[in-house]
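Pasting target-v5.cif here (mmCIF, C-alpha atoms):
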data_protein
#
loop_
_atom_site.label_atom_id
_atom_site.label_comp_id
_atom_site.auth_asym_id
_atom_site.auth_seq_id
_atom_site.Cartn_x
_atom_site.Cartn_y
_atom_site.Cartn_z
CA LEU A 1 130.15 116.71 123.95
CA HIS A 2 127.25 116.58 121.50
CA GLY A 3 127.92 115.95 117.83
CA SER A 4 131.58 115.06 118.43
CA SER A 5 133.70 113.87 115.50
CA VAL A 6 135.00 111.12 117.80
CA LEU A 7 131.76 109.20 117.16
CA GLN A 8 130.53 109.24 113.56
CA GLN A 9 126.93 108.10 113.05
CA THR A 10 125.40 107.01 109.77
CA PRO A 11 122.94 107.58 108.25
CA ALA A 12 121.88 111.05 109.48
CA TYR A 13 118.23 110.38 108.56
CA ILE A 14 116.32 107.25 107.67
CA LYS A 15 112.65 106.62 106.87
CA VAL A 16 111.38 103.03 106.94
CA GLN A 17 108.11 101.19 106.76
CA THR A 18 106.46 99.53 109.75
CA ASN A 19 107.72 96.00 110.62
CA LYS A 20 110.99 96.45 108.70
CA MET A 21 114.51 96.09 110.09
CA VAL A 22 116.86 99.05 110.66
CA MET A 23 120.63 99.12 111.17
CA LEU A 24 122.26 102.25 112.61
CA SER A 25 126.02 102.61 112.63
CA CYS A 26 128.34 104.41 115.04
CA GLU A 27 132.06 104.46 114.23
CA ALA A 28 134.53 105.20 117.05
CA LYS A 29 137.55 107.22 115.92
CA ILE A 30 139.45 106.46 119.15
CA SER A 31 140.51 103.18 120.72
CA LEU A 32 139.65 102.50 124.35
CA SER A 33 140.95 99.62 126.45
CA ASN A 34 137.50 98.83 127.86
CA MET A 35 135.24 99.99 125.05
CA ARG A 36 131.63 100.64 126.00
CA ILE A 37 129.25 102.15 123.47
CA TYR A 38 125.81 103.25 124.70
CA TRP A 39 122.77 103.66 122.46
CA LEU A 40 120.13 106.18 123.52
CA ARG A 41 116.87 107.39 122.01
CA GLN A 42 115.26 110.80 122.16
CA ARG A 43 111.60 110.39 121.18
CA GLN A 44 110.86 114.08 120.52
CA ALA A 45 112.75 117.04 119.12
CA PRO A 46 115.53 118.23 121.48
CA SER A 47 114.24 120.66 124.10
CA SER A 48 114.80 121.54 127.77
CA ASP A 49 112.39 118.83 128.97
CA SER A 50 113.31 116.09 126.46
CA HIS A 51 115.33 113.20 127.84
CA HIS A 52 117.47 110.38 126.48
CA GLU A 53 116.12 106.87 126.92
CA PHE A 54 118.81 104.20 127.46
CA LEU A 55 118.29 101.30 125.05
CA ALA A 56 121.39 99.12 125.18
CA LEU A 57 125.17 99.14 125.37
CA TRP A 58 127.93 97.08 123.90
CA ASP A 59 130.57 95.96 126.38
CA SER A 60 133.86 94.46 125.16
CA ALA A 61 133.64 91.78 127.89
CA LYS A 62 129.90 91.13 128.23
CA GLY A 63 128.51 91.93 124.77
CA THR A 64 125.01 93.47 124.58
CA ILE A 65 123.44 94.77 127.80
CA HIS A 66 119.84 95.99 127.50
CA GLY A 67 118.18 98.84 129.33
CA GLU A 68 115.15 98.38 131.54
CA GLU A 69 111.72 98.16 129.86
CA VAL A 70 113.34 97.48 126.49
CA GLU A 71 112.07 94.69 124.23
CA GLN A 72 115.27 92.64 124.12
CA GLU A 73 114.19 90.60 121.09
CA LYS A 74 113.82 93.84 119.09
CA ILE A 75 117.19 95.42 119.90
CA ALA A 76 120.70 94.06 119.42
CA VAL A 77 124.10 95.76 119.44
CA PHE A 78 127.16 94.21 117.84
CA ARG A 79 130.65 95.26 116.85
CA ASP A 80 132.19 95.25 113.37
CA ALA A 81 135.84 96.41 113.69
CA SER A 82 135.58 100.09 114.77
CA ARG A 83 131.85 100.29 114.01
CA PHE A 84 129.10 99.56 116.53
CA ILE A 85 125.78 98.58 114.98
CA LEU A 86 122.37 99.05 116.58
CA ASN A 87 119.97 96.57 115.02
CA LEU A 88 116.23 97.22 115.38
CA THR A 89 113.72 94.62 114.14
CA SER A 90 109.97 94.91 113.49
CA VAL A 91 109.98 98.67 113.99
CA LYS A 92 106.75 100.53 114.79
CA PRO A 93 105.83 104.24 114.45
CA GLU A 94 106.44 104.64 118.22
CA ASP A 95 110.11 103.68 117.61
CA SER A 96 110.57 106.97 115.73
CA GLY A 97 113.02 109.42 117.29
CA ILE A 98 116.67 110.48 117.28
CA TYR A 99 119.12 107.70 118.13
CA PHE A 100 122.48 108.62 119.66
CA CYS A 101 125.55 106.57 120.37
CA MET A 102 127.62 107.69 123.37
CA ILE A 103 130.80 106.90 125.26
CA VAL A 104 131.40 107.72 128.92
CA GLY A 105 134.66 109.56 129.51
CA SER A 106 136.12 111.21 132.57
CA PRO A 107 134.39 113.51 133.22
CA GLU A 108 132.45 114.23 129.98
CA LEU A 109 129.93 112.24 127.98
CA THR A 110 130.65 112.14 124.24
CA PHE A 111 127.70 111.81 121.85
CA GLY A 112 127.51 111.18 118.14
CA LYS A 113 125.53 113.58 115.95
CA GLY A 114 122.50 111.28 116.01
CA THR A 115 120.37 109.44 113.46
CA GLN A 116 116.77 110.51 113.01
CA LEU A 117 114.53 107.50 112.45
CA SER A 118 111.04 107.95 111.07
CA VAL A 119 108.80 104.86 110.97
CA VAL A 120 105.71 105.17 108.75
CA ASP A 121 102.95 102.78 107.71
CA PHE A 122 103.36 103.65 104.04
CA LEU A 123 106.40 105.00 102.23
CA PRO A 124 105.61 107.81 99.79
CA THR A 125 105.90 106.81 96.16
CA THR A 126 107.76 109.11 93.82
CA ALA A 127 105.33 110.55 91.28
CA GLN A 128 106.41 110.10 87.71
CA PRO A 129 106.31 113.28 85.61
CA THR A 130 103.36 113.23 83.23
CA LYS A 131 104.31 113.31 79.57
CA LYS A 132 102.04 114.86 76.97
CA SER A 133 101.27 112.28 74.36
CA THR A 134 101.76 113.76 70.92
CA PRO A 135 99.74 111.99 68.21
CA LYS A 136 102.00 110.21 65.78
CA LYS A 137 101.76 111.26 62.15
CA ARG A 138 100.93 108.41 59.84
CA VAL A 139 103.42 108.12 57.05
CA CYS A 140 102.48 106.06 54.00
CA ARG A 141 105.56 104.42 52.56
CA LEU A 142 105.52 102.47 49.35
CA PRO A 143 107.11 99.09 49.88
CA ARG A 144 110.31 98.27 48.10
CA PRO A 145 109.91 95.43 45.63
CA GLU A 146 112.91 93.53 46.96
CA THR A 147 111.68 93.65 50.58
CA GLN A 148 108.00 93.00 49.87
CA LYS A 149 106.78 89.54 50.85
CA GLY A 150 103.32 88.53 49.71
CA PRO A 151 100.54 90.81 48.42
CA LEU A 152 99.76 94.21 49.91
CA CYS A 153 96.58 94.11 51.94
CA SER A 154 96.00 97.75 52.75
CA PRO A 155 92.40 99.06 52.45
CA ILE A 156 93.39 101.42 49.61
CA THR A 157 94.96 98.62 47.59
CA LEU A 158 92.00 96.31 48.12
CA GLY A 159 89.58 99.11 47.17
CA LEU A 160 91.46 99.81 43.94
CA LEU A 161 91.57 96.11 43.11
CA VAL A 162 87.82 95.66 43.63
CA ALA A 163 87.08 98.84 41.60
CA GLY A 164 89.29 97.53 38.79
CA VAL A 165 87.52 94.17 38.77
CA LEU A 166 84.11 95.90 38.69
CA VAL A 167 85.16 98.14 35.78
CA LEU A 168 86.36 95.06 33.89
CA LEU A 169 83.10 93.20 34.58
CA VAL A 170 80.97 96.17 33.47
CA SER A 171 83.12 96.61 30.36
CA LEU A 172 82.80 92.91 29.61
CA GLY A 173 79.02 93.07 30.11
CA VAL A 174 78.71 96.08 27.79
CA ALA A 175 80.92 94.37 25.19
CA ILE A 176 78.82 91.18 25.31
CA HIS A 177 75.58 93.18 25.08
CA LEU A 178 76.84 95.15 22.05
CA CYS A 179 78.14 92.01 20.42
CA CYS A 180 74.75 90.31 20.86
CA ARG A 181 72.89 93.32 19.40
CA ARG A 182 75.15 93.34 16.32
CA ARG A 183 74.66 89.63 15.85
CA ARG A 184 70.88 89.98 16.08
CA ALA A 185 70.98 92.92 13.65
CA ARG A 186 73.10 90.88 11.23
CA LEU A 187 70.70 87.93 11.48
CA ARG A 188 67.74 90.19 10.72
CA PHE A 189 69.58 91.66 7.76
CA MET A 190 70.39 88.19 6.42
CA LYS A 191 66.76 87.07 6.80
CA GLN A 192 65.57 90.13 4.82
CA LEU A 193 68.03 89.37 2.03
CA TYR A 194 66.79 85.84 1.53
CA LYS A 195 63.07 86.77 1.49
#
Could you take the file, read its structure, and then write that structure out as structure tokens?
Amino acid sequence: LHGSSVLQQTPAYIKVQTNKMVMLSCEAKISLSNMRIYWLRQRQAPSSDSHHEFLALWDSAKGTIHGEEVEQEKIAVFRDASRFILNLTSVKPEDSGIYFCMIVGSPELTFGKGTQLSVVDFLPTTAQPTKKSTPKKRVCRLPRPETQKGPLCSPITLGLLVAGVLVLLVSLGVAIHLCCRRRRARLRFMKQLYK
């Protein structure tokens, strides 16, 4: 029985990066006296010539039993209450495929729905949506007297201050010049009087 609700596998699909660890779960909805959960792998999409490769099984008396030509240090099966976990370490792209848990009944074989594992060298990064940057409008605010600390140092203020000082200096220069001319004129006038 393929895709039976007796065996519930999670997740349905998983994509991981090379050399990472993967944990696949198979929960048994029935209790058996001598529980044996088999883990199988189908390397290609299901077809008439595709076969299931036996990886390991969990036996209530013996624990994990590995299949032939399986790297035992990479694969472990353990039980957590009603869940049976297949643990894969240092996965490679060739480990990709559909993983099934299975129990042997009399006479039928009962399979879970399977977990599709995809092992890639690089995980795709989610592209962030590009935001159009709107230029901020500059707003000139006059400072409040009570919040202002120290003198204002904006270019406009400094420009006005310098212009004011220059006007004062020019005015002072003109005033001194006129004052000197009047004084000279007065001195000439006084000299002419006393001749």
Item to check | Ref. answer, residues at most 10 Å from (141.8, 98.2, 112.5) with only C-alpha atoms, as a PyMOL selection string | outcome: chain A and resi 31+81-82
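If you look at atom CA of A:Leu88 and atom CA of A:Ile103, they are 20.1 Å away from each other.
Considering all atoms listed in the file, the residue among A:Lys92, A:Arg36, A:His66, A:His51 positioned nearest to A:Val22 is A:Lys92.
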Checklist outcome for this item: Students should find that atom CA of A:His52 and atom CA of A:Asn19 are spaced 23.5 Å
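The closest residue to A:Leu7, picked from A:Gly112, A:Pro93, A:Gly105, A:Gly63 and counting only C-alpha atoms, is A:Gly112.
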Chain and number of each residue from the PyMOL selection byres ((chain A and resi 115) around 8), as a PDB file with C-alpha atoms, in the coordinates of the input:
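And here's out20.pdb as it stands now:
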ATOM      1  CA  GLN A   9     126.930 108.100 113.050  1.00  0.00           C
ATOM      2  CA  THR A  10     125.400 107.010 109.770  1.00  0.00           C
ATOM      3  CA  PRO A  11     122.940 107.580 108.250  1.00  0.00           C
ATOM      4  CA  ALA A  12     121.880 111.050 109.480  1.00  0.00           C
ATOM      5  CA  TYR A  13     118.230 110.380 108.560  1.00  0.00           C
ATOM      6  CA  ILE A  14     116.320 107.250 107.670  1.00  0.00           C
ATOM      7  CA  LEU A  24     122.260 102.250 112.610  1.00  0.00           C
ATOM      8  CA  ILE A  98     116.670 110.480 117.280  1.00  0.00           C
ATOM      9  CA  TYR A  99     119.120 107.700 118.130  1.00  0.00           C
ATOM     10  CA  PHE A 100     122.480 108.620 119.660  1.00  0.00           C
ATOM     11  CA  LYS A 113     125.530 113.580 115.950  1.00  0.00           C
ATOM     12  CA  GLY A 114     122.500 111.280 116.010  1.00  0.00           C
ATOM     13  CA  GLN A 116     116.770 110.510 113.010  1.00  0.00           C
ATOM     14  CA  LEU A 117     114.530 107.500 112.450  1.00  0.00           C
TER      15      LEU A 117
END
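Relative to atom CA of A:Glu108, atom CA of A:Ser4 is found at 11.6 Å.
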Polymer residues at most 10 Å from A:Arg79, only C-alpha atoms, same-chain spacing of 6 or more positions, as a PDB file with C-alpha atoms, in the frame of the given file:
ATOM      1  CA  SER A  25     126.020 102.610 112.630  1.00  0.00           C
ATOM      2  CA  CYS A  26     128.340 104.410 115.040  1.00  0.00           C
ATOM      3  CA  GLU A  27     132.060 104.460 114.230  1.00  0.00           C
ATOM      4  CA  ILE A  37     129.250 102.150 123.470  1.00  0.00           C
ATOM      5  CA  TRP A  58     127.930  97.080 123.900  1.00  0.00           C
ATOM      6  CA  ASP A  59     130.570  95.960 126.380  1.00  0.00           C
ATOM      7  CA  SER A  60     133.860  94.460 125.160  1.00  0.00           C
ATOM      8  CA  GLY A  63     128.510  91.930 124.770  1.00  0.00           C
ATOM      9  CA  THR A  64     125.010  93.470 124.580  1.00  0.00           C
ATOM     10  CA  ILE A  85     125.780  98.580 114.980  1.00  0.00           C
ATOM     11  CA  LEU A  86     122.370  99.050 116.580  1.00  0.00           C
TER      12      LEU A  86
END
Next on the checklist: Using all atoms listed in the file for the distances, tell me which of A:Lys20, A:Lys62, A:Lys191, A:Arg41 is nearest to A:Met102.
Outcome noted: A:Arg41
Next on the checklist: For A:Ser118, find every residue with an atom within 7 Å (counting all atoms listed in the file), except residues of its own chain fewer than 4 positions away, and show them as a list in words.
Outcome noted: Ile14, Lys15, Val16, Ser96 and Gly97 of chain A
Next on the checklist: Please expand the PyMOL selection byres ((chain A and resi 39) around 6) into the concrete residues it hits in this file, giving the result as a list in words.
Outcome noted: Tyr38, Leu40, Leu55, Ala56, Leu57, Phe100 and Cys101 of chain A
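Using only C-alpha atoms, the shortest contact distance between A:Ser5 and any of A:Gln17, A:Leu193, A:Leu123, A:Thr110 is found at A:Thr110.
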Matched chain/residue IDs from the PyMOL selection byres ((chain A and resi 29) around 6), as a PDB file with C-alpha atoms, in the frame of the given file:
ATOM      1  CA  VAL A   6     135.000 111.120 117.800  1.00  0.00           C
ATOM      2  CA  ALA A  28     134.530 105.200 117.050  1.00  0.00           C
ATOM      3  CA  ILE A  30     139.450 106.460 119.150  1.00  0.00           C
TER       4      ILE A  30
END
